[in-house]
Amino acid sequence: MNESKIIDVAKRAGVSAATVSRVLNQSGLVKEKTKKRVQQAIEEMNYTPNAMAQNLRSRKTMKIGVVVSDIEVSYYAEIIKGIENMANSLDYNIIICDAQNQKTRECEYVSLLQNRTVDGMIFVTPMMSNKELIALVEDGYSVGVIGRFIEHEQIPCAFTDNVKIGKDVVNHLIEQGHEKIAFLSGYADAIDSYERLEGYMKALRDAGMPFIPELIDNGDFNESGGYKGFLRLRERNADLTAVFAANDEMALGVYKACKELLIQVPEHVAVVGVDNIRITRFITPNLSTVEQPKYAMGALLTEKLIDQMNGNEFKDQRCFKVESKLLVRESSLYARQQSAEEQMEPG
């Protein structure tokens, strides 16, 4: 009686059990070299898969897991809406997984893929590294990413140019006459944070302005973090005149801190955010922000991932780079208006 198990075959071939499963199920997501190694191990160990277990592994659940960093952040609402609407139109359901800004929780949700609770998984601005995500795909799992570009033929992506976002915002503030421009980043592992910081630094450099580390702080992509981050920034830099918050949630925290400190926006401090969440149009003053086509990113990525899981008809189109747009509103216009008024005054 053959007592070899799939894990034994995996060890012999030097791959994961999931990869062995893919080979047994004749999936096209395993490299030919790896497939031959697994097939050789199967023959050497005279392994015969359990038909019932094999059927369970190959059965589709028609579900997709969606991992977000913090479900309370408004940015994710439109993305999830785009994902859900597209998934439903293709007869799939979604399971929303809130990582609560913890990479360990994000990694734990991978078990939904590994135990076949879902057919595929979409990571929205993931904290997991490119290497970790690629390893999942190399093990035969279906993964898509929103908010980041990953160079891998089997990982569909939808993203915006975060460096451009940073440059556009800072260039606008420089045009308004600001020289002391602070930057509030999100949590350290978020690619959005350091790419927007990169854009911030490039804009300063292109304008011949110095980079001042004391003007950088962390706001964890939420309102409370933005509030506390701005208080720290003001304590170190009482003369700062503008704040670029890496998302609108943190910008709202800046508004709260300014109100408590009797600082007027934009008369004393200009504020710009990113994401164009709904409330930014209704607060006073209206918040300048960067619009990202969040719904489109969610829908496009979902359509591609499902297509890839079911024949990959559109295999030539894997990544979707969508354009962002700076929306200039009241919160960042005072400096230019003031300058124009001063020039009109009689000498």
# chains A, B, ... in the order shown; residues from 1 in each chain; ligands from 1
>>> select_by_dssp(residues="region 33-270 of chain A", states="helix (DSSP H, G or I)", output="ChimeraX atom specification")
/A:33-44,51-58,75-89,103-108,111-114,130-138,162-175,191-206,213-215,223-236,248-260
>>> write_last_selection(atoms="C-alpha atoms", output="tab-separated table (two decimals), in the first residue's frame")
chain	number	residue	atom	x	y	z
A	33	LYS	CA	11.02	23.12	-15.32
A	34	THR	CA	9.24	22.91	-11.97
A	35	LYS	CA	6.49	20.73	-13.43
A	36	LYS	CA	9.02	18.18	-14.68
A	37	ARG	CA	10.69	18.07	-11.27
A	38	VAL	CA	7.35	17.42	-9.55
A	39	GLN	CA	6.38	14.74	-12.07
A	40	GLN	CA	9.69	13.00	-11.50
A	41	ALA	CA	9.14	13.03	-7.73
A	42	ILE	CA	5.63	11.60	-8.21
A	43	GLU	CA	7.02	8.73	-10.30
A	44	GLU	CA	9.91	8.02	-7.92
A	51	ALA	CA	-9.44	11.27	-5.95
A	52	MET	CA	-11.78	12.93	-3.45
A	53	ALA	CA	-9.09	15.25	-2.10
A	54	GLN	CA	-7.94	16.10	-5.61
A	55	ASN	CA	-11.47	17.02	-6.62
A	56	LEU	CA	-11.79	19.25	-3.53
A	57	ARG	CA	-8.59	21.10	-4.44
A	58	SER	CA	-9.64	21.66	-8.05
A	75	TYR	CA	-10.14	55.32	0.17
A	76	TYR	CA	-11.01	51.63	0.07
A	77	ALA	CA	-14.78	52.09	-0.30
A	78	GLU	CA	-14.78	52.98	-4.02
A	79	ILE	CA	-12.16	50.34	-4.81
A	80	ILE	CA	-14.22	47.64	-3.06
A	81	LYS	CA	-17.33	48.87	-4.89
A	82	GLY	CA	-15.53	48.46	-8.23
A	83	ILE	CA	-14.26	45.01	-7.25
A	84	GLU	CA	-17.65	43.81	-6.04
A	85	ASN	CA	-19.65	45.09	-8.99
A	86	MET	CA	-17.29	43.54	-11.52
A	87	ALA	CA	-17.05	40.28	-9.56
A	88	ASN	CA	-20.83	39.99	-9.28
A	89	SER	CA	-21.26	40.62	-12.99
A	103	LYS	CA	1.29	42.78	8.12
A	104	THR	CA	0.92	39.63	10.23
A	105	ARG	CA	-2.87	39.73	9.77
A	106	GLU	CA	-2.41	40.30	6.05
A	107	CYS	CA	-0.21	37.21	5.86
A	108	GLU	CA	-2.72	35.19	7.89
A	111	SER	CA	-4.65	30.81	4.38
A	112	LEU	CA	-7.93	31.52	2.57
A	113	LEU	CA	-6.04	30.89	-0.65
A	114	GLN	CA	-4.10	27.93	0.65
A	130	ASN	CA	6.87	41.94	-3.88
A	131	LYS	CA	8.99	38.89	-3.09
A	132	GLU	CA	6.32	37.45	-0.81
A	133	LEU	CA	3.55	38.04	-3.33
A	134	ILE	CA	5.59	36.53	-6.14
A	135	ALA	CA	6.26	33.46	-3.97
A	136	LEU	CA	2.50	32.95	-3.62
A	137	VAL	CA	2.06	33.02	-7.38
A	138	GLU	CA	5.02	30.70	-7.92
A	162	ASN	CA	2.58	57.92	-6.78
A	163	VAL	CA	5.81	59.76	-7.53
A	164	LYS	CA	3.92	61.99	-9.97
A	165	ILE	CA	1.25	62.60	-7.33
A	166	GLY	CA	3.91	63.82	-4.90
A	167	LYS	CA	5.54	66.06	-7.50
A	168	ASP	CA	2.23	67.55	-8.65
A	169	VAL	CA	1.18	68.49	-5.12
A	170	VAL	CA	4.50	70.01	-4.10
A	171	ASN	CA	4.90	71.88	-7.39
A	172	HIS	CA	1.47	73.41	-6.81
A	173	LEU	CA	2.42	74.50	-3.30
A	174	ILE	CA	5.72	75.94	-4.51
A	175	GLU	CA	3.82	77.92	-7.17
A	191	ILE	CA	4.56	51.83	-0.93
A	192	ASP	CA	2.21	54.82	-1.34
A	193	SER	CA	4.07	56.55	1.48
A	194	TYR	CA	7.61	56.34	0.24
A	195	GLU	CA	6.74	56.83	-3.44
A	196	ARG	CA	4.82	60.03	-2.62
A	197	LEU	CA	7.71	61.06	-0.42
A	198	GLU	CA	10.01	60.44	-3.38
A	199	GLY	CA	7.85	62.76	-5.49
A	200	TYR	CA	7.91	65.36	-2.71
A	201	MET	CA	11.71	65.25	-2.59
A	202	LYS	CA	12.08	65.38	-6.39
A	203	ALA	CA	9.86	68.47	-6.62
A	204	LEU	CA	11.93	70.24	-3.96
A	205	ARG	CA	15.16	69.28	-5.70
A	206	ASP	CA	13.91	70.43	-9.11
A	213	PRO	CA	13.98	65.96	7.48
A	214	GLU	CA	12.27	67.78	10.36
A	215	LEU	CA	9.40	68.57	7.98
A	223	GLU	CA	-7.39	61.07	10.91
A	224	SER	CA	-6.01	60.54	14.40
A	225	GLY	CA	-2.52	59.97	13.03
A	226	GLY	CA	-2.75	63.11	10.88
A	227	TYR	CA	-3.83	65.15	13.92
A	228	LYS	CA	-0.94	63.92	16.07
A	229	GLY	CA	1.56	64.13	13.22
A	230	PHE	CA	0.71	67.76	12.53
A	231	LEU	CA	1.09	68.67	16.21
A	232	ARG	CA	4.59	67.17	16.16
A	233	LEU	CA	5.43	69.00	12.95
A	234	ARG	CA	4.30	72.35	14.38
A	235	GLU	CA	6.28	71.78	17.54
A	236	ARG	CA	9.45	71.33	15.46
A	248	ASP	CA	-7.32	62.83	2.80
A	249	GLU	CA	-7.93	61.09	6.12
A	250	MET	CA	-4.71	62.56	7.52
A	251	ALA	CA	-5.56	65.95	6.01
A	252	LEU	CA	-8.80	65.91	8.03
A	253	GLY	CA	-6.67	65.34	11.12
A	254	VAL	CA	-4.61	68.39	10.17
A	255	TYR	CA	-7.82	70.43	9.94
A	256	LYS	CA	-8.78	69.32	13.46
A	257	ALA	CA	-5.37	70.28	14.88
A	258	CYS	CA	-5.46	73.66	13.13
A	259	LYS	CA	-8.86	74.41	14.58
A	260	GLU	CA	-7.63	73.67	18.11
>>> residues_around(residues="Lys63 (chain A)", least_positions_apart="4", cutoff="8 Å", atoms="only C-alpha atoms", output="list of chain:residue names")
A:Tyr92, A:Asn93, A:Ile94, A:Ile95, A:Thr117, A:Val118, A:Asp119, A:Gly120
>>> closest_residue(among="A:Ser142, A:Asn247, A:Asn286, A:Gln100", to="Thr302 (chain A)", atoms="only C-alpha atoms")
A:Ser142
>>> residues_around(residues="Gly186 (chain A)", least_positions_apart="3", cutoff="7 Å", atoms="only C-alpha atoms", output="number ranges by chain")
A: 190, 193, 218-221, 246
>>> closest_residue(among="A:Cys157, A:Phe282, A:Lys31, A:Thr19", to="Glu303 (chain A)", atoms="only C-alpha atoms")
A:Cys157
>>> closest_residue(among="A:Asp239, A:Asp217, A:Glu323, A:Glu330", to="Ala270 (chain A)", atoms="only C-alpha atoms")
A:Glu330
>>> select_by_dssp(residues="region 68-297 of chain A", states="strand (DSSP E or B)", output="number ranges by chain")
A: 68, 93-98, 120-124, 142-146, 157-159, 181-185, 216-218, 242-245, 270-272, 288-291
>>> decode(residues="region 256-269 of chain A", atoms="all heavy atoms", output="mmCIF file, in the first residue's frame")
data_model
loop_
_atom_site.group_PDB
_atom_site.id
_atom_site.type_symbol
_atom_site.label_atom_id
_atom_site.label_comp_id
_atom_site.auth_asym_id
_atom_site.auth_seq_id
_atom_site.Cartn_x
_atom_site.Cartn_y
_atom_site.Cartn_z
ATOM 1 N N LYS A 256 -8.375 69.351 12.044
ATOM 2 C CA LYS A 256 -8.777 69.316 13.458
ATOM 3 C C LYS A 256 -7.726 69.987 14.330
ATOM 4 O O LYS A 256 -8.060 70.788 15.218
ATOM 5 C CB LYS A 256 -8.977 67.871 13.897
ATOM 6 C CG LYS A 256 -9.357 67.721 15.365
ATOM 7 C CD LYS A 256 -9.485 66.254 15.760
ATOM 8 C CE LYS A 256 -9.811 66.126 17.240
ATOM 9 N NZ LYS A 256 -9.898 64.701 17.664
ATOM 10 N N ALA A 257 -6.457 69.678 14.089
ATOM 11 C CA ALA A 257 -5.370 70.280 14.876
ATOM 12 C C ALA A 257 -5.317 71.780 14.655
ATOM 13 O O ALA A 257 -5.114 72.559 15.604
ATOM 14 C CB ALA A 257 -4.043 69.627 14.503
ATOM 15 N N CYS A 258 -5.494 72.223 13.422
ATOM 16 C CA CYS A 258 -5.460 73.658 13.127
ATOM 17 C C CYS A 258 -6.585 74.392 13.847
ATOM 18 O O CYS A 258 -6.384 75.495 14.370
ATOM 19 C CB CYS A 258 -5.576 73.880 11.614
ATOM 20 S SG CYS A 258 -4.076 73.484 10.676
ATOM 21 N N LYS A 259 -7.740 73.777 13.891
ATOM 22 C CA LYS A 259 -8.865 74.409 14.582
ATOM 23 C C LYS A 259 -8.563 74.585 16.062
ATOM 24 O O LYS A 259 -8.836 75.642 16.647
ATOM 25 C CB LYS A 259 -10.124 73.554 14.400
ATOM 26 C CG LYS A 259 -11.368 74.165 15.020
ATOM 27 C CD LYS A 259 -12.606 73.318 14.740
ATOM 28 C CE LYS A 259 -13.844 73.955 15.345
ATOM 29 N NZ LYS A 259 -15.074 73.137 15.087
ATOM 30 N N GLU A 260 -7.961 73.587 16.686
ATOM 31 C CA GLU A 260 -7.626 73.670 18.112
ATOM 32 C C GLU A 260 -6.544 74.706 18.379
ATOM 33 O O GLU A 260 -6.546 75.366 19.419
ATOM 34 C CB GLU A 260 -7.165 72.299 18.619
ATOM 35 C CG GLU A 260 -8.284 71.278 18.701
ATOM 36 C CD GLU A 260 -7.824 69.971 19.317
ATOM 37 O OE1 GLU A 260 -6.655 69.894 19.766
ATOM 38 O OE2 GLU A 260 -8.627 69.021 19.345
ATOM 39 N N LEU A 261 -5.616 74.843 17.442
ATOM 40 C CA LEU A 261 -4.499 75.785 17.614
ATOM 41 C C LEU A 261 -4.818 77.185 17.082
ATOM 42 O O LEU A 261 -3.958 78.052 17.072
ATOM 43 C CB LEU A 261 -3.254 75.243 16.900
ATOM 44 C CG LEU A 261 -2.682 73.926 17.437
ATOM 45 C CD1 LEU A 261 -1.558 73.433 16.535
ATOM 46 C CD2 LEU A 261 -2.192 74.088 18.869
ATOM 47 N N LEU A 262 -6.074 77.370 16.627
ATOM 48 C CA LEU A 262 -6.527 78.651 16.052
ATOM 49 C C LEU A 262 -5.682 79.038 14.833
ATOM 50 O O LEU A 262 -5.393 80.211 14.597
ATOM 51 C CB LEU A 262 -6.479 79.760 17.121
ATOM 52 C CG LEU A 262 -7.315 79.502 18.382
ATOM 53 C CD1 LEU A 262 -7.190 80.673 19.355
ATOM 54 C CD2 LEU A 262 -8.776 79.272 18.014
ATOM 55 N N ILE A 263 -5.288 78.019 14.064
ATOM 56 C CA ILE A 263 -4.553 78.230 12.816
ATOM 57 C C ILE A 263 -5.557 78.193 11.664
ATOM 58 O O ILE A 263 -6.319 77.242 11.535
ATOM 59 C CB ILE A 263 -3.482 77.143 12.607
ATOM 60 C CG1 ILE A 263 -2.429 77.223 13.706
ATOM 61 C CG2 ILE A 263 -2.836 77.251 11.231
ATOM 62 C CD1 ILE A 263 -1.452 76.058 13.689
ATOM 63 N N GLN A 264 -5.555 79.216 10.836
ATOM 64 C CA GLN A 264 -6.519 79.283 9.746
ATOM 65 C C GLN A 264 -5.969 78.609 8.481
ATOM 66 O O GLN A 264 -4.814 78.780 8.113
ATOM 67 C CB GLN A 264 -6.869 80.745 9.441
ATOM 68 C CG GLN A 264 -7.633 81.442 10.564
ATOM 69 C CD GLN A 264 -8.020 82.859 10.188
ATOM 70 O OE1 GLN A 264 -7.236 83.601 9.601
ATOM 71 N NE2 GLN A 264 -9.237 83.255 10.534
ATOM 72 N N VAL A 265 -6.855 77.827 7.861
ATOM 73 C CA VAL A 265 -6.538 77.183 6.584
ATOM 74 C C VAL A 265 -7.374 77.891 5.513
ATOM 75 O O VAL A 265 -8.595 77.992 5.635
ATOM 76 C CB VAL A 265 -6.913 75.681 6.619
ATOM 77 C CG1 VAL A 265 -6.632 75.033 5.260
ATOM 78 C CG2 VAL A 265 -6.169 74.952 7.730
ATOM 79 N N PRO A 266 -6.753 78.426 4.470
ATOM 80 C CA PRO A 266 -5.329 78.355 4.093
ATOM 81 C C PRO A 266 -4.520 79.589 4.463
ATOM 82 O O PRO A 266 -3.358 79.689 4.087
ATOM 83 C CB PRO A 266 -5.426 78.244 2.569
ATOM 84 C CG PRO A 266 -6.588 79.145 2.243
ATOM 85 C CD PRO A 266 -7.569 78.983 3.376
ATOM 86 N N GLU A 267 -5.121 80.536 5.204
ATOM 87 C CA GLU A 267 -4.434 81.802 5.472
ATOM 88 C C GLU A 267 -3.090 81.610 6.158
ATOM 89 O O GLU A 267 -2.105 82.287 5.832
ATOM 90 C CB GLU A 267 -5.333 82.721 6.311
ATOM 91 C CG GLU A 267 -6.533 83.265 5.558
ATOM 92 C CD GLU A 267 -7.718 82.327 5.578
ATOM 93 O OE1 GLU A 267 -7.555 81.142 5.966
ATOM 94 O OE2 GLU A 267 -8.827 82.776 5.223
ATOM 95 N N HIS A 268 -3.024 80.680 7.123
ATOM 96 C CA HIS A 268 -1.783 80.425 7.850
ATOM 97 C C HIS A 268 -1.070 79.168 7.361
ATOM 98 O O HIS A 268 0.162 79.128 7.317
ATOM 99 C CB HIS A 268 -2.060 80.316 9.354
ATOM 100 C CG HIS A 268 -2.678 81.543 9.937
ATOM 101 N ND1 HIS A 268 -3.598 81.495 10.977
ATOM 102 C CD2 HIS A 268 -2.551 82.855 9.623
ATOM 103 C CE1 HIS A 268 -3.979 82.730 11.285
ATOM 104 N NE2 HIS A 268 -3.367 83.572 10.472
ATOM 105 N N VAL A 269 -1.843 78.150 7.045
ATOM 106 C CA VAL A 269 -1.269 76.875 6.573
ATOM 107 C C VAL A 269 -2.128 76.318 5.436
ATOM 108 O O VAL A 269 -3.339 76.150 5.603
ATOM 109 C CB VAL A 269 -1.195 75.830 7.709
ATOM 110 C CG1 VAL A 269 -0.763 74.469 7.168
ATOM 111 C CG2 VAL A 269 -0.226 76.286 8.799
#
